[in-house]
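Structure record follows, encoded as structure tokens.
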Amino acid sequence: MPVKQVSGRVTLTHAKGSSVELLLYGATVISWKAGTITEPQPIERLFVSSKAAVDGSKPVRGGIPVIFPCFGPPSHPEHMKLAQHGFARNEVWKFDSIVMDNDEGVSVRLTLEPTAGITARYDKPFHLAYVVTLAEHQISTDLHVTNTSTSTAYPPDNLEFQALFHNYIRAPANDVLVFPLQNKSYFDKTEASEEARNKSKVETRAGVDVRQFTDSVYEDAGGKYEVTWPGGGVEITVRELKDVVVWNPQQAAGAKMGDMEDGGWERYVCVEPGYVRGFAKIEPGKTWIGQQVISVIHHERRINQL
């Protein structure tokens, strides 16, 4: 069977051998294995710390956590009771259906609606649907956010939120380059002062590396990114996710994380498409869809770092 559900885990398997595993807890993808045209044997494409909790006790350190309705510490008045990164990544989602099952690929839909626990912290009406699709050489994740308010009041009962896919791409961190981000505006969250963190910079590098502690939020970043390293890489294309975060804690911050394996920061880069500068807004009865497609790069591509 191309879709199996056992003990809170859902596994998708493609006829050509690629696979995806995700948890109902947080709707977190914890494995994506795929090969290339020249090397068809599937290999792991995502990083999950060996110390990560995958038992539903806390958000997973790795894979593809889903961030909603706030990124980082809450800043919207309606989000102030929420923890960092909101609640989607640490709630148990419902397996809804198999959306597709054919030679091209297989996909499943998970859903999340308000519970008593969520409503105590966040009282906006919503419905989330998360569609994960596996093809031979790619994975796509689609987050459907619906404002289920039936209010006809004016001003309208809009749903304002942030959303992000927190991709941990398995890669040799010291050799990675992310592009094209040159000339894009970004905010450097590693700066010591709040004033400096909120000051826009302009990226001068043709390829962005993470050899030092990096936590950069690129605004209106273009929607198509390549993450490359000697011998490999992935391409990420997005829809309705205008921003992208490039993050790696390196030892300076990584060693302080209780659920990060020793030296784990050397084995991944986070390239995270999202809507995180400002807030997406949807009117009652409307749906917003944010999508990413991550594809294996089949032939090595490098650029000279400027």
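We name chains A, B, ... following the order of the structure tokens; residues begin at 1 in each chain, and ligands are numbered from 1 as shown.
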
Review point. Hey, what's within 9 Å of A:Lys124 if we count only C-alpha atoms and toss same-chain stuff fewer than 6 positions away? As a list of chain:residue names, please?
Key: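 In the requested form, the answer reads A:Glu78, A:Pro114, A:Asn147, A:Thr148, A:Ser149, A:Asp157, A:Leu159.
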
Check your understanding: Can you tell me, as a list in words, what residues are no more than 12 Å from A:His14 when counting only C-alpha atoms, ignoring any on the same chain fewer than 6 positions away?
Key -> Met1, Pro2, Val3, Val20, Glu21, Trp32, Lys33, Ala34, Gly35, Pro42, Met100, Asp101, Asn102, Asp103, Glu104, Gly105, Val106, Ser107, Thr133, Leu134, Ala135, Glu136, His137, Gln138 and Ile139 of chain A

**Study point:** Contacts of A:Leu46 at 9 Å (only C-alpha atoms; same-chain gap of 5+ positions) as a list in words
**Key:**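 My reading of the contact set: Val29, Ile30, Ser31, Trp32, Lys33, Gly62, Gly63, Ile64, Asn167, Tyr168, Ile169, Arg170, Ala171 and Tyr268 of chain A.
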
Keeping only N, CA and C atoms, write those residues as a short mmCIF file (atom, residue, chain, number, x, y, z; two decimals), in the first residue's frame.
data_model
loop_
_atom_site.label_atom_id
_atom_site.label_comp_id
_atom_site.auth_asym_id
_atom_site.auth_seq_id
_atom_site.Cartn_x
_atom_site.Cartn_y
_atom_site.Cartn_z
N VAL A 29 6.56 16.42 8.91
CA VAL A 29 7.29 15.47 8.07
C VAL A 29 8.63 15.20 8.74
N ILE A 30 8.94 13.93 9.02
CA ILE A 30 10.19 13.60 9.70
C ILE A 30 11.15 12.82 8.81
N SER A 31 10.71 12.49 7.59
CA SER A 31 11.61 11.81 6.66
C SER A 31 11.12 12.04 5.25
N TRP A 32 12.07 12.31 4.36
CA TRP A 32 11.82 12.33 2.92
C TRP A 32 13.04 11.71 2.25
N LYS A 33 12.82 10.59 1.61
CA LYS A 33 13.90 9.89 0.94
C LYS A 33 13.65 9.89 -0.56
N GLY A 62 13.66 19.12 13.81
CA GLY A 62 14.05 18.65 12.49
C GLY A 62 12.85 18.35 11.63
N GLY A 63 13.13 17.86 10.40
CA GLY A 63 12.06 17.56 9.46
C GLY A 63 11.48 18.82 8.85
N ILE A 64 10.15 18.87 8.80
CA ILE A 64 9.44 20.06 8.30
C ILE A 64 8.33 20.42 9.28
N ASN A 167 11.85 24.02 7.10
CA ASN A 167 12.58 22.90 6.49
C ASN A 167 14.00 22.75 7.05
N TYR A 168 14.29 21.56 7.56
CA TYR A 168 15.66 21.21 7.92
C TYR A 168 16.22 20.36 6.77
N ILE A 169 16.97 20.99 5.88
CA ILE A 169 17.54 20.29 4.72
C ILE A 169 18.84 19.61 5.14
N ARG A 170 18.90 18.29 4.97
CA ARG A 170 20.14 17.56 5.31
C ARG A 170 21.23 17.95 4.31
N ALA A 171 22.32 18.50 4.83
CA ALA A 171 23.39 19.02 3.97
C ALA A 171 24.62 19.30 4.83
N TYR A 268 22.96 20.21 8.60
CA TYR A 268 21.73 20.73 7.98
C TYR A 268 21.84 22.23 7.76
#

Considering only C-alpha atoms, tabulate each residue of stretch 125-198 of chain A that lies at most 10 Å from stretch 244-264 of chain A along with its nearest interatomic pair and the corresponding distance in Å to one decimal; arrange the rows by chain and ascending residue number and present them as CSV.
residue,atom,partner,partner_atom,distance
A:Leu164,CA,A:Val244,CA,8.5
A:Phe165,CA,A:Val244,CA,9.4
A:His166,CA,A:Val245,CA,8.5
A:Asn167,CA,A:Val245,CA,9.7
A:Tyr168,CA,A:Trp247,CA,9.2
A:Ala173,CA,A:Asn248,CA,7.9
A:Asn174,CA,A:Gln250,CA,9.4
A:Val178,CA,A:Val246,CA,8.3
A:Leu181,CA,A:Val244,CA,9.6
A:Tyr186,CA,A:Val245,CA,9.0
A:Phe187,CA,A:Val245,CA,9.4
A:Asp188,CA,A:Val246,CA,10.0
A:Lys189,CA,A:Trp247,CA,9.6
A:Thr190,CA,A:Pro249,CA,9.5

With N, CA and C atoms retained, write the just-selected residues as a PDB file, in the first residue's frame.
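Generated output (again-v7.pdb):
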ATOM      1  N   LEU A 164       4.707  29.315   8.043  1.00  0.00           N
ATOM      2  CA  LEU A 164       6.047  29.011   7.551  1.00  0.00           C
ATOM      3  C   LEU A 164       6.279  27.510   7.588  1.00  0.00           C
ATOM      4  N   PHE A 165       7.054  27.018   6.615  1.00  0.00           N
ATOM      5  CA  PHE A 165       7.530  25.636   6.624  1.00  0.00           C
ATOM      6  C   PHE A 165       8.995  25.655   7.066  1.00  0.00           C
ATOM      7  N   HIS A 166       9.268  25.042   8.216  1.00  0.00           N
ATOM      8  CA  HIS A 166      10.585  25.144   8.861  1.00  0.00           C
ATOM      9  C   HIS A 166      11.484  23.994   8.381  1.00  0.00           C
ATOM     10  N   ASN A 167      11.850  24.018   7.101  1.00  0.00           N
ATOM     11  CA  ASN A 167      12.581  22.902   6.489  1.00  0.00           C
ATOM     12  C   ASN A 167      13.996  22.753   7.054  1.00  0.00           C
ATOM     13  N   TYR A 168      14.292  21.561   7.555  1.00  0.00           N
ATOM     14  CA  TYR A 168      15.662  21.206   7.915  1.00  0.00           C
ATOM     15  C   TYR A 168      16.223  20.360   6.767  1.00  0.00           C
ATOM     16  N   ALA A 173      26.676  21.685   6.335  1.00  0.00           N
ATOM     17  CA  ALA A 173      26.385  23.102   6.554  1.00  0.00           C
ATOM     18  C   ALA A 173      27.530  24.017   6.137  1.00  0.00           C
ATOM     19  N   ASN A 174      28.748  23.593   6.342  1.00  0.00           N
ATOM     20  CA  ASN A 174      29.872  24.473   6.039  1.00  0.00           C
ATOM     21  C   ASN A 174      30.154  24.601   4.549  1.00  0.00           C
ATOM     22  N   VAL A 178      23.065  29.156  -0.527  1.00  0.00           N
ATOM     23  CA  VAL A 178      21.654  29.375  -0.828  1.00  0.00           C
ATOM     24  C   VAL A 178      21.568  30.584  -1.752  1.00  0.00           C
ATOM     25  N   LEU A 181      19.659  35.204  -3.513  1.00  0.00           N
ATOM     26  CA  LEU A 181      19.175  36.180  -2.525  1.00  0.00           C
ATOM     27  C   LEU A 181      19.927  37.510  -2.612  1.00  0.00           C
ATOM     28  N   TYR A 186      16.913  42.020   4.043  1.00  0.00           N
ATOM     29  CA  TYR A 186      16.765  41.011   5.088  1.00  0.00           C
ATOM     30  C   TYR A 186      17.001  41.618   6.460  1.00  0.00           C
ATOM     31  N   PHE A 187      16.576  40.861   7.468  1.00  0.00           N
ATOM     32  CA  PHE A 187      16.720  41.267   8.866  1.00  0.00           C
ATOM     33  C   PHE A 187      17.562  40.207   9.559  1.00  0.00           C
ATOM     34  N   ASP A 188      18.611  40.654  10.227  1.00  0.00           N
ATOM     35  CA  ASP A 188      19.584  39.767  10.857  1.00  0.00           C
ATOM     36  C   ASP A 188      19.220  39.585  12.327  1.00  0.00           C
ATOM     37  N   LYS A 189      18.648  38.437  12.654  1.00  0.00           N
ATOM     38  CA  LYS A 189      18.187  38.185  14.017  1.00  0.00           C
ATOM     39  C   LYS A 189      19.303  37.755  14.954  1.00  0.00           C
ATOM     40  N   THR A 190      20.534  37.684  14.441  1.00  0.00           N
ATOM     41  CA  THR A 190      21.662  37.391  15.328  1.00  0.00           C
ATOM     42  C   THR A 190      22.256  38.654  15.934  1.00  0.00           C
TER      43      THR A 190
END

Review point. If you count only C-alpha atoms, which residues fall within 12 Å of A:Thr152, apart from same-chain ones fewer than 5 positions away, as an MDAnalysis selection string?
Key: chainID A and resid 157:158 283:285

Review point. With only C-alpha atoms as the atoms that count, which of A:Ile37, A:Val210, A:Val234, A:Leu143 lies nearest to A:Asp175?
Key: A:Val210

Review point. Per DSSP on the backbone, what are the strand (DSSP E or B) residues of stretch 109-172 of chain A, as a ChimeraX atom specification?
Key: /A:109-112,127-134,138-146,159-165,168-170

Point to revise | Contact residues around A:Leu82 with only C-alpha atoms at 12 Å, ignoring same-chain residues under 2 positions, as an MDAnalysis selection string | key: chainID A and resid 68:80 84:88 90 117:123

Practice item. Could you please determine the separation between atom CA of A:Val66 and atom CA of A:Ala163 in Å, to one decimal place? Key: 7.5 Å

Please report, as an mmCIF file with all heavy atoms, in the first residue's frame, each residue of stretch 234-305 of chain A to which DSSP assigns helix (DSSP H, G or I) when run on this structure's backbone.
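Output file out.cif follows:
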data_model
loop_
_atom_site.group_PDB
_atom_site.id
_atom_site.type_symbol
_atom_site.label_atom_id
_atom_site.label_comp_id
_atom_site.auth_asym_id
_atom_site.auth_seq_id
_atom_site.Cartn_x
_atom_site.Cartn_y
_atom_site.Cartn_z
ATOM 1 N N GLN A 250 24.941 26.992 14.197
ATOM 2 C CA GLN A 250 26.342 26.666 14.417
ATOM 3 C C GLN A 250 26.563 26.329 15.901
ATOM 4 O O GLN A 250 25.624 26.217 16.675
ATOM 5 C CB GLN A 250 27.268 27.770 13.911
ATOM 6 C CG GLN A 250 27.380 27.794 12.386
ATOM 7 C CD GLN A 250 28.062 26.559 11.790
ATOM 8 O OE1 GLN A 250 28.668 25.758 12.486
ATOM 9 N NE2 GLN A 250 27.950 26.403 10.480
ATOM 10 N N GLN A 251 27.773 26.132 16.309
ATOM 11 C CA GLN A 251 28.023 25.685 17.680
ATOM 12 C C GLN A 251 27.632 26.740 18.700
ATOM 13 O O GLN A 251 27.182 26.419 19.807
ATOM 14 C CB GLN A 251 29.493 25.303 17.864
ATOM 15 C CG GLN A 251 29.792 24.695 19.237
ATOM 16 C CD GLN A 251 31.195 24.141 19.331
ATOM 17 O OE1 GLN A 251 31.988 24.278 18.404
ATOM 18 N NE2 GLN A 251 31.507 23.497 20.438
ATOM 19 N N ALA A 252 27.763 28.023 18.305
ATOM 20 C CA ALA A 252 27.499 29.118 19.243
ATOM 21 C C ALA A 252 26.125 29.006 19.890
ATOM 22 O O ALA A 252 25.975 29.199 21.100
ATOM 23 C CB ALA A 252 27.622 30.455 18.504
ATOM 24 N N ALA A 253 25.120 28.687 19.100
ATOM 25 C CA ALA A 253 23.765 28.551 19.635
ATOM 26 C C ALA A 253 23.308 27.099 19.678
ATOM 27 O O ALA A 253 22.524 26.710 20.541
ATOM 28 C CB ALA A 253 22.788 29.376 18.792
ATOM 29 N N GLY A 254 23.808 26.276 18.752
ATOM 30 C CA GLY A 254 23.355 24.891 18.679
ATOM 31 C C GLY A 254 23.696 24.073 19.908
ATOM 32 O O GLY A 254 22.919 23.203 20.325
ATOM 33 N N GLY A 264 25.203 18.472 15.471
ATOM 34 C CA GLY A 264 24.097 18.388 14.523
ATOM 35 C C GLY A 264 24.025 19.567 13.573
ATOM 36 O O GLY A 264 23.630 19.421 12.411
ATOM 37 N N TRP A 265 24.421 20.737 14.063
ATOM 38 C CA TRP A 265 24.374 21.947 13.245
ATOM 39 C C TRP A 265 25.270 21.855 12.023
ATOM 40 O O TRP A 265 25.131 22.642 11.087
ATOM 41 C CB TRP A 265 24.765 23.156 14.099
ATOM 42 C CG TRP A 265 26.021 22.928 14.893
ATOM 43 C CD1 TRP A 265 27.301 23.116 14.484
ATOM 44 C CD2 TRP A 265 26.104 22.402 16.218
ATOM 45 N NE1 TRP A 265 28.184 22.751 15.471
ATOM 46 C CE2 TRP A 265 27.478 22.309 16.554
ATOM 47 C CE3 TRP A 265 25.156 22.009 17.172
ATOM 48 C CZ2 TRP A 265 27.922 21.844 17.799
ATOM 49 C CZ3 TRP A 265 25.613 21.537 18.404
ATOM 50 C CH2 TRP A 265 26.975 21.461 18.703
ATOM 51 N N GLU A 266 26.170 20.895 12.010
ATOM 52 C CA GLU A 266 27.049 20.706 10.855
ATOM 53 C C GLU A 266 26.371 19.904 9.751
ATOM 54 O O GLU A 266 26.915 19.786 8.650
ATOM 55 C CB GLU A 266 28.325 19.977 11.276
ATOM 56 C CG GLU A 266 29.158 20.726 12.305
ATOM 57 C CD GLU A 266 30.340 19.903 12.808
ATOM 58 O OE1 GLU A 266 30.448 18.720 12.398
ATOM 59 O OE2 GLU A 266 31.136 20.429 13.595
ATOM 60 N N ARG A 267 25.177 19.386 10.019
ATOM 61 C CA ARG A 267 24.557 18.426 9.102
ATOM 62 C C ARG A 267 23.257 18.926 8.473
ATOM 63 O O ARG A 267 22.518 18.141 7.865
ATOM 64 C CB ARG A 267 24.323 17.105 9.839
ATOM 65 C CG ARG A 267 25.637 16.437 10.245
ATOM 66 C CD ARG A 267 25.453 15.090 10.869
ATOM 67 N NE ARG A 267 25.264 15.129 12.312
ATOM 68 C CZ ARG A 267 26.256 15.234 13.198
ATOM 69 N NH1 ARG A 267 27.511 15.338 12.776
ATOM 70 N NH2 ARG A 267 26.015 15.250 14.497
#
